[in-house]
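**Q** Provided herewith is a single structure, encoded as structure tokens, for subsequent inquiry.
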Amino acid sequence: MPDAAKLPPPPSAFTRGTQRLLTALRVTAYSMAVCFMIVMVLRGVWVTRDQMEAEAERSIRSARAAMVGMPATGSAAGAQHRALLRALASQHVELRTEPLNTPSAAHNSQAGGEQMNQSWRLVALVDHESIWIEAVRVNVPYILFVLALGLPTVAIFLYMGWLVNRPALQLLAFAQASGDAVSLPPDLPKIWHSVLARLQQLREQQRQMEAFLANAPFGMIFFNANGRVAMMNRSAAASFGQTPETMLGKGLGFFAPYLPDAGDHDSQLFARTLAQGEPETLETTFTGHDAETRHVQITSFPVHDPDGTMEMVGIFVVDVTEEKRTKSKLEESRSQLIAFFDNLPTSIYLKRVDHEVVFVSRHLAEQYGKRPEDMIGQQEYDLHIAAMKPYLEMMDRHILSTGEAILLEGDHLQFNRRELVSRFPVFNEQGQITHIGGMNFDIDERFKAQAALQESKALFEAFIQHAPNPMALMDPKGQYVMVNDTAASFYGQTPEALIASGAAAINHRFPQAETVIKPMFARVCKNREFEAVSTFFRTMEGELREFSFALFPILDADGNLAYIGNISHDITEERQARAALMASRDALHQSEKLAALGSLLAGVSHELNNPLAAVIGQAALLSEDLENTGHADRIAKIKRAADRCARIVQSFLAMARQKAPEYRSVDISEQVRAAVELTEYQMRAANVALQVHTARDLPLIKADPDQLHQVIVNLLTNARQALEDIDGERRISITSSVREDRIRLAIADNGNGIDPATRDRLFDPFFSTKAAGKGTGIGLSFSLGIVQAHGGTISIEDAEVGTVFVITLPIESGAEQVVTPTTAQSAKAKGRALIIDDEEDVAETLADMLARMGMSITVAVGGMAGQNAMAGGAEFDLVLSDIRMPDCDGPTLYAWITANRPDLAGRVAFVTGDTLSGIAADFLEETRCPVLEKPFTPAGLRDLVAAMLPA
């Protein structure tokens with residue numbers, strides 16, 4: 001917790017320096033007491049020593065005087081000498097002899113003696129050490145007395161220090177230390193435990209108070225008497241965008257910009273609290289550092305020290321913005337509620353238990369011709385006519401006695417209408433009834449509507465019974481409660497008998513009752529929404545008819561599900577008619593798509609055939625030039641690929657060509673090969689292995705090659721699509737053979753096969769087993785028509801795996817086996833040829849081929865260039881021209897030739913890739929000119945030249 005958020009310390013608190021001073025004084029006192037005892041002991045011993053030494057000196061002097069008058073010899077002298085020696089010894093005087101250095105007598109200042117003889121003398125010495133010892137011994141009682149007085153005193157001082165001084169200082173340190181940094185004082189005497197417990201309690205309260213101040217959600221500020229911040233918590237500092245430490249010492253003027261609406265009221269608030277010592281409150285706006293303005297309530301209060309002197313002024317700031325908003329919303333809500341009640345088309349009132357009205361809605365007041373405020377304060381019974389009072393009293397007694405609401409329906413005697421009356425008790429927090437509320441609903445219209453409803457119900461039942469469609473009513477459990485005569489007639493029973501037979505017997509006639517009707521019934525009950533479905537119904541004759549079966553919910557007045565209605569309609573003929581109409585539309589749509597496809601292919605074929613003609617022609621020429629060389633194989637690959645492209649384009653043209661069937665001798669193997677080439681890419685993309693087994697030397701058949709090609713493509717496409725859902729190997733095989741003068745072509749796949757029910761309808765027009773968008777249902781029907789038109793059959797044979805489609809076609813009468821005509825490559829032609837084409841590459845390819853035949857060539861690039869080449873009268877044995885050219889097309893050029901060079905009209909042949917165009921087809925039909933289709937080959941060109949030029 002920041003220091004600025006802590007409570008200020010007590011004014012008389014001890015500092016660490018004070019504690020050290022007290023300790024020094026205590027040590028000094030203890031030291032002086034010890035020194036005093038030592039001095040007293042030493043002084044007693046010293047005085048005693050001095051006395052004993054003085055006594056010893058006196059004894060020596062007395063002994064010297066006694067020895068002078070003492071006899072030298074004799075027993076009396078010896079006894080006196082011994083008594084003297086003992087007396088001296090008791091005074092710590094030692095006698096001893098010393099040799100004399102001179103014959104004269106010697107005298108010692110400390111000892112006295114007389115010459116015993118000429119060689120020795122007697123010396124008396126004081127024993128200072130023994131005197132000290134004796135002085136100490138003599139003073140032992142005194143020392144003990146001093147110690148007996150001093151040591152207990154010191155001990156008492158030490159004990160008091162341990163018992164009082166040290167714990168007091170430790171408690172002071174504990175009290176002054178900051179919160180968590182101090183643990184309990186060690187070795188605290190027991191007598192201090194209660195004090196310590198109280199101190200800990202105070203410290204905990206202080207900690208809680210500091211935590212409260214620091215974490216309080218409102219701002220707390222303490223100002224000293226000078227109006228400076230002495231303490232501030234985090235919440236208050238944060239509102240100024242600062243910390244509690246940085247706010248210390250801020251004056252009142254600092255806060256003025258943040259309280260723009262307060263003026264100098266904040267200063268006055270502080271001054272009044274400081275002067276009067278009473279709390280003050282101010283509500284104003286506060287604009288924080290984030291420029292957000294909020295409503296705050298500022299309360300100041302005095303803070304006194306223990307002596308009762310006002311030390312600081314505390315201020316706490318509470319954000320009341322949300323409170324004001326809540327009050328505003330509450331007032332708004334109250335206004336809206338009153339407005340809601342006033343605009344309800346219902347009579348609402350509230351009265352006390354003494355029947356004094358406290359609230360009346362506008363709608364109720366208007367009924368009495370008054371304003372709501374005119375009715376408030378009146379007795380409710382006085383507002384009604386006298387005849388209503390007994391009923392009102394009865395309802396109030398019931399409410400007050402039972403505490404239950406009451407709901408009655410009846411006629412309002414005063415207003416002569418039908419009403420639904422609701423009266424209810426209003427309780428206070430103690431559960432006592434304080435008010436009675438009421439709501440009167442005008443149900444006069446509903447009452448009249450119920451009568452009309454009964455009449456309508458009768459009409460409804462009559463309508464149901466006479467409706468031409470089957471109709472029924474079921475309860476939510478699915479049991480029939482009503483059926484009309486039409487519905488009963490389908491079962492050959494009366495409505496009553498049909499209902500009695502039960503739902504199971506009725507639903508038995510619907511094959512899809514379990515899978516379709518029952519789930520739909522459950523959904524309608526759950527969602528309460530109308531649903532209709534197409535399903536089947538088996539008549540008493542066993543015929544399966546298609547019905548539109550609809551279910552719809554019927555709710556009661558409370559919005560609860562009462563019944564499920566059912567209406568059905570036989571749509572069998574309607575469905576058949578609609579299917580026929582859709583089939584006609586699909587056929588028309590398909591025809592339009594084929595026409596559009598033909599137009600598209602016309603343009604595509606022309607754009608592809610021109611470059612293909614150049615590629616195929618040049619490849620053929622290179623093949624002749626490089627025969628038996630190392631490049632022959634590469635040229636052959638180019639030629640095969642180009643031939644394949646050409647055949648595919650021709651197949652497209654054949655499929656899209658709109659013309660009457662042209663029956664001619666056709667090799668069915670060639671048609672199979674063309675169809676395989678056309679569908680080869682799709683087969684590879686679908687991972688289908690295509691196996692072709694055609695018999696050799698098959699007879700020719702009389703057929704339209706384009707139509708027969710289309711049938712084979714259709715069957716291959718159907719077989720490929722049947723394999724799309726097959727995992728593993730996918731395989732299609734094509735087998736041809738001759739059986740009983742008919743060619744048999746079988747196309748088999750290893751798919752899932754076709755079930756018997758589907759097989760019966762497979763060749764019906766517009767019947768399809770494919771998903772929407774993947775088929776029209778006309779492919780097999782179209783193929784069947786073509787095959788039958790050729791005198792053949794198409795059928796499905798049984799197979800262990802997959803499906804086998806078999807086509808049989810009659811062999812052409814008198815037909816020989818297929819012999820591929822050949823044209824000698826060495827065929828030669830003489831003469832001069834004019835080649836006209838807007839594609840220079842195509843024209844030069846034709847020129848190269850004709851030049852190898854021995855003809856003289858003139859090339860004209862474009863129709864106008866060809867016209868100019870013939871305008872000068874030049875002779876040509878052969879004129880080969882394109883049809884579609886930008887400057888002068890084939891028809892225009894041919895018209896010019898017939899008008900200006902009629903001699904060349906019979907020598908004109910056209911080389912074109914646009915035989916699909918209606919204009920080109922009509923032109924060629926009209927002129928009967930020979931045609932060489934692009935892309936062409938040298939052999940085809942040689943055949944054309946051979947047919948037009950004489951041998």
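Going through the structure tokens in order, the chains are called A, B, and so on, while each chain numbers its residues from 1 and the ligands are numbered from 1 in the order shown.
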I need the residues in segment 196-443 of chain A that are alpha helix (DSSP H) according to DSSP; give them as a VMD selection string.

**A** chain A and resid 196 to 215 234 to 239 244 to 247 265 to 276 321 to 343 362 to 367 372 to 375 389 to 402

**Q** Could you pull the residues within 7 Å of Ser534 of chain A, counting only C-alpha atoms, minus those fewer than 2 positions along the same chain, as a list in words?

**A**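 Counting only C-alpha atoms, the residues come to Glu546, Phe547, Ser548 and Phe549 of chain A.
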
**Q** Between A:Thr892, A:Thr937, A:Ser856, A:Thr539, which one has atoms that come closest to Ala646 of chain A, using only C-alpha atoms?

**A** A:Thr937

**Q** List every residue of segment 413-535 of chain A that DSSP, applied to the backbone of this structure, places in strand (DSSP E), and write the result as a PyMOL selection string.

**A** chain A and resi 417-427+433-442+471-474+480-483+531-535

**Q** Those same residues, written as a PDB file, in the first residue's frame with C-alpha atoms?

**A**
```
ATOM      1  CA  ARG A 417     -72.141  -4.184 -20.187  1.00  0.00           C
ATOM      2  CA  ARG A 418     -70.371  -7.494 -19.695  1.00  0.00           C
ATOM      3  CA  GLU A 419     -67.105  -7.270 -17.733  1.00  0.00           C
ATOM      4  CA  LEU A 420     -64.397  -9.526 -16.398  1.00  0.00           C
ATOM      5  CA  VAL A 421     -63.482  -8.188 -12.962  1.00  0.00           C
ATOM      6  CA  SER A 422     -60.177  -8.955 -11.247  1.00  0.00           C
ATOM      7  CA  ARG A 423     -59.397  -7.807  -7.703  1.00  0.00           C
ATOM      8  CA  PHE A 424     -56.148  -8.712  -5.940  1.00  0.00           C
ATOM      9  CA  PRO A 425     -54.267  -7.893  -2.728  1.00  0.00           C
ATOM     10  CA  VAL A 426     -51.040  -5.849  -2.646  1.00  0.00           C
ATOM     11  CA  PHE A 427     -48.629  -6.828   0.134  1.00  0.00           C
ATOM     12  CA  ILE A 433     -52.086  -6.282   2.822  1.00  0.00           C
ATOM     13  CA  THR A 434     -51.776  -2.540   2.376  1.00  0.00           C
ATOM     14  CA  HIS A 435     -53.676  -1.988  -0.872  1.00  0.00           C
ATOM     15  CA  ILE A 436     -56.278  -3.609  -3.086  1.00  0.00           C
ATOM     16  CA  GLY A 437     -55.842  -3.413  -6.826  1.00  0.00           C
ATOM     17  CA  GLY A 438     -58.368  -3.997  -9.521  1.00  0.00           C
ATOM     18  CA  MET A 439     -58.700  -4.405 -13.270  1.00  0.00           C
ATOM     19  CA  ASN A 440     -62.008  -4.411 -15.180  1.00  0.00           C
ATOM     20  CA  PHE A 441     -61.970  -5.852 -18.710  1.00  0.00           C
ATOM     21  CA  ASP A 442     -64.717  -4.957 -21.104  1.00  0.00           C
ATOM     22  CA  MET A 471     -62.084 -33.429 -44.744  1.00  0.00           C
ATOM     23  CA  ALA A 472     -61.473 -34.508 -41.155  1.00  0.00           C
ATOM     24  CA  LEU A 473     -60.623 -33.277 -37.678  1.00  0.00           C
ATOM     25  CA  MET A 474     -58.161 -35.045 -35.359  1.00  0.00           C
ATOM     26  CA  TYR A 480     -60.290 -38.758 -35.581  1.00  0.00           C
ATOM     27  CA  VAL A 481     -63.122 -36.777 -34.023  1.00  0.00           C
ATOM     28  CA  MET A 482     -64.923 -35.781 -37.215  1.00  0.00           C
ATOM     29  CA  VAL A 483     -64.950 -36.801 -40.883  1.00  0.00           C
ATOM     30  CA  GLU A 531     -48.074 -28.491 -44.156  1.00  0.00           C
ATOM     31  CA  ALA A 532     -49.070 -30.291 -47.335  1.00  0.00           C
ATOM     32  CA  VAL A 533     -47.646 -33.310 -49.059  1.00  0.00           C
ATOM     33  CA  SER A 534     -48.358 -35.445 -52.087  1.00  0.00           C
ATOM     34  CA  THR A 535     -49.061 -39.045 -51.108  1.00  0.00           C
TER      35      THR A 535
END
```

**Q** So that I can check the surroundings of Phe415 of chain A, please list as a ChimeraX atom specification every protein, DNA and RNA residue that reaches within 10 Å of it, counting only C-alpha atoms and ignoring chain neighbours fewer than 4 positions away.

**A** /A:367-368,411,419

**Q** Excluding segment 712-727 of chain A and its own-chain neighbours fewer than 5 positions away, which residues fall within 9 Å of it when counting only C-alpha atoms? Please give them as number ranges by chain.

**A** A: 671-672, 675-676, 678-679, 682-683, 686, 688, 707, 732, 747-753, 770, 779-780, 783, 802-803, 805

**Q** Would you export the selected residues with N, CA and C atoms as a PDB file, in the first residue's frame, please?

**A**
```pdb
ATOM      1  N   GLN A 671     -18.921 -46.562 -86.772  1.00  0.00           N
ATOM      2  CA  GLN A 671     -19.741 -45.734 -85.880  1.00  0.00           C
ATOM      3  C   GLN A 671     -19.336 -45.951 -84.416  1.00  0.00           C
ATOM      4  N   VAL A 672     -19.009 -47.206 -84.078  1.00  0.00           N
ATOM      5  CA  VAL A 672     -18.552 -47.494 -82.715  1.00  0.00           C
ATOM      6  C   VAL A 672     -17.234 -46.777 -82.440  1.00  0.00           C
ATOM      7  N   ALA A 675     -17.836 -43.059 -81.894  1.00  0.00           N
ATOM      8  CA  ALA A 675     -18.457 -42.787 -80.587  1.00  0.00           C
ATOM      9  C   ALA A 675     -17.457 -42.963 -79.455  1.00  0.00           C
ATOM     10  N   VAL A 676     -16.579 -43.969 -79.575  1.00  0.00           N
ATOM     11  CA  VAL A 676     -15.565 -44.191 -78.552  1.00  0.00           C
ATOM     12  C   VAL A 676     -14.611 -43.009 -78.492  1.00  0.00           C
ATOM     13  N   LEU A 678     -15.237 -39.971 -79.333  1.00  0.00           N
ATOM     14  CA  LEU A 678     -15.925 -38.792 -78.818  1.00  0.00           C
ATOM     15  C   LEU A 678     -16.033 -38.829 -77.301  1.00  0.00           C
ATOM     16  N   THR A 679     -16.231 -40.005 -76.740  1.00  0.00           N
ATOM     17  CA  THR A 679     -16.443 -40.116 -75.277  1.00  0.00           C
ATOM     18  C   THR A 679     -15.191 -40.559 -74.529  1.00  0.00           C
ATOM     19  N   GLN A 682     -14.098 -38.318 -71.440  1.00  0.00           N
ATOM     20  CA  GLN A 682     -14.962 -38.478 -70.266  1.00  0.00           C
ATOM     21  C   GLN A 682     -14.737 -39.820 -69.588  1.00  0.00           C
ATOM     22  N   MET A 683     -14.479 -40.848 -70.358  1.00  0.00           N
ATOM     23  CA  MET A 683     -14.229 -42.170 -69.768  1.00  0.00           C
ATOM     24  C   MET A 683     -12.950 -42.150 -68.941  1.00  0.00           C
ATOM     25  N   ALA A 686     -13.420 -40.252 -65.683  1.00  0.00           N
ATOM     26  CA  ALA A 686     -14.213 -40.989 -64.698  1.00  0.00           C
ATOM     27  C   ALA A 686     -13.550 -42.298 -64.299  1.00  0.00           C
ATOM     28  N   VAL A 688     -12.900 -44.953 -66.109  1.00  0.00           N
ATOM     29  CA  VAL A 688     -13.660 -46.080 -66.673  1.00  0.00           C
ATOM     30  C   VAL A 688     -12.808 -46.731 -67.763  1.00  0.00           C
ATOM     31  N   GLN A 707     -27.537 -40.511 -86.937  1.00  0.00           N
ATOM     32  CA  GLN A 707     -28.461 -40.963 -85.906  1.00  0.00           C
ATOM     33  C   GLN A 707     -27.918 -42.180 -85.164  1.00  0.00           C
ATOM     34  N   ILE A 732     -16.639 -50.705 -68.957  1.00  0.00           N
ATOM     35  CA  ILE A 732     -17.677 -50.725 -69.990  1.00  0.00           C
ATOM     36  C   ILE A 732     -17.117 -51.521 -71.165  1.00  0.00           C
ATOM     37  N   ILE A 747     -23.754 -53.193 -75.194  1.00  0.00           N
ATOM     38  CA  ILE A 747     -22.981 -52.248 -74.373  1.00  0.00           C
ATOM     39  C   ILE A 747     -23.279 -52.589 -72.920  1.00  0.00           C
ATOM     40  N   ALA A 748     -22.243 -53.074 -72.181  1.00  0.00           N
ATOM     41  CA  ALA A 748     -22.421 -53.563 -70.807  1.00  0.00           C
ATOM     42  C   ALA A 748     -21.543 -52.777 -69.853  1.00  0.00           C
ATOM     43  N   ASP A 749     -22.041 -52.577 -68.617  1.00  0.00           N
ATOM     44  CA  ASP A 749     -21.249 -51.939 -67.547  1.00  0.00           C
ATOM     45  C   ASP A 749     -21.308 -52.821 -66.310  1.00  0.00           C
ATOM     46  N   ASN A 750     -20.411 -52.596 -65.360  1.00  0.00           N
ATOM     47  CA  ASN A 750     -20.373 -53.373 -64.121  1.00  0.00           C
ATOM     48  C   ASN A 750     -20.884 -52.550 -62.941  1.00  0.00           C
ATOM     49  N   GLY A 751     -21.953 -51.746 -63.207  1.00  0.00           N
ATOM     50  CA  GLY A 751     -22.543 -50.919 -62.164  1.00  0.00           C
ATOM     51  C   GLY A 751     -23.494 -51.694 -61.274  1.00  0.00           C
ATOM     52  N   ASN A 752     -24.427 -50.971 -60.637  1.00  0.00           N
ATOM     53  CA  ASN A 752     -25.357 -51.575 -59.681  1.00  0.00           C
ATOM     54  C   ASN A 752     -26.568 -52.208 -60.334  1.00  0.00           C
ATOM     55  N   GLY A 753     -26.720 -52.031 -61.632  1.00  0.00           N
ATOM     56  CA  GLY A 753     -27.865 -52.618 -62.312  1.00  0.00           C
ATOM     57  C   GLY A 753     -29.112 -51.772 -62.167  1.00  0.00           C
ATOM     58  N   LYS A 770     -31.750 -40.052 -62.795  1.00  0.00           N
ATOM     59  CA  LYS A 770     -30.625 -39.185 -62.430  1.00  0.00           C
ATOM     60  C   LYS A 770     -31.112 -38.022 -61.595  1.00  0.00           C
ATOM     61  N   GLY A 779     -33.148 -39.223 -73.410  1.00  0.00           N
ATOM     62  CA  GLY A 779     -32.085 -39.879 -74.168  1.00  0.00           C
ATOM     63  C   GLY A 779     -32.460 -41.271 -74.627  1.00  0.00           C
ATOM     64  N   LEU A 780     -32.911 -42.128 -73.701  1.00  0.00           N
ATOM     65  CA  LEU A 780     -33.261 -43.505 -74.073  1.00  0.00           C
ATOM     66  C   LEU A 780     -34.518 -43.549 -74.929  1.00  0.00           C
ATOM     67  N   SER A 783     -33.376 -42.641 -78.327  1.00  0.00           N
ATOM     68  CA  SER A 783     -32.607 -43.738 -78.923  1.00  0.00           C
ATOM     69  C   SER A 783     -33.518 -44.873 -79.359  1.00  0.00           C
ATOM     70  N   GLY A 802     -24.184 -55.457 -63.135  1.00  0.00           N
ATOM     71  CA  GLY A 802     -24.388 -54.306 -63.983  1.00  0.00           C
ATOM     72  C   GLY A 802     -25.565 -54.426 -64.915  1.00  0.00           C
ATOM     73  N   THR A 803     -25.471 -53.695 -66.025  1.00  0.00           N
ATOM     74  CA  THR A 803     -26.566 -53.592 -66.999  1.00  0.00           C
ATOM     75  C   THR A 803     -26.015 -53.829 -68.395  1.00  0.00           C
ATOM     76  N   PHE A 805     -27.231 -53.200 -72.348  1.00  0.00           N
ATOM     77  CA  PHE A 805     -28.142 -52.707 -73.380  1.00  0.00           C
ATOM     78  C   PHE A 805     -27.754 -53.389 -74.696  1.00  0.00           C
TER      79      PHE A 805
END
```

**Q** Excluding Arg901 of chain A and residues on its chain fewer than 4 positions from it, collect all residues at most 9 Å away from it, counting only C-alpha atoms, and give them as an MDAnalysis selection string.

**A** chainID A and resid 870:871 873 896:897 905

**Q** Between A:Leu42, A:Ile734, A:Gly410, A:Tyr142, which has the minimum distance to Ala695 of chain A (counting only C-alpha atoms)?

**A** A:Ile734

**Q** Could you work out how far atom CA of His289 of chain A lies from atom CA of Pro260 of chain A, giving the answer in Å with one decimal?

**A**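 About the pair atom CA of Pro260 of chain A and atom CA of His289 of chain A: they are 13.1 Å apart.
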
**Q** Pick out the closest residue to Asn469 of chain A from this set: A:Glu455, A:Asp570, A:Glu529, A:Glu210. Count only C-alpha atoms.

**A**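 Between A:Glu455, A:Asp570, A:Glu529, A:Glu210, the residue approaching Asn469 of chain A most closely is A:Asp570.
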
**Q** Atom CA of Tyr381 of chain A and atom CA of Val357 of chain A are how many Å apart?

**A** 9.8 Å

**Q** When you count only C-alpha atoms, which of these residues is closest to Gly854 of chain A: A:Ala833, A:Cys35, A:Ala505, A:Leu622?

**A**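 Closest to Gly854 of chain A, using only C-alpha atoms: A:Ala833.
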
**Q** Which residues are close to Met520 of chain A, i.e. within 8 Å by only C-alpha atoms, leaving aside same-chain residues fewer than 4 positions away? Reply as a list in words.

**A** Val516, Val524, Glu531 and Leu551 of chain A

**Q** Between atom CA of Asp374 of chain A and atom CA of Asp342 of chain A, what is the distance, to one decimal in Å?

**A**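 Computing it gives 14.8 Å between the two atoms.
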
**Q** Please list as a list in words every residue within 10 Å of Ala365 of chain A, counting only C-alpha atoms and excluding residues in the same chain fewer than 4 positions away.

**A**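 Returned residues: Asp342, Ser347, Ile348, Tyr349, Val360, Ser361, Gly369, Lys370, Arg371, Pro372, Glu373, Asp374, Met375 and Ile376 of chain A.
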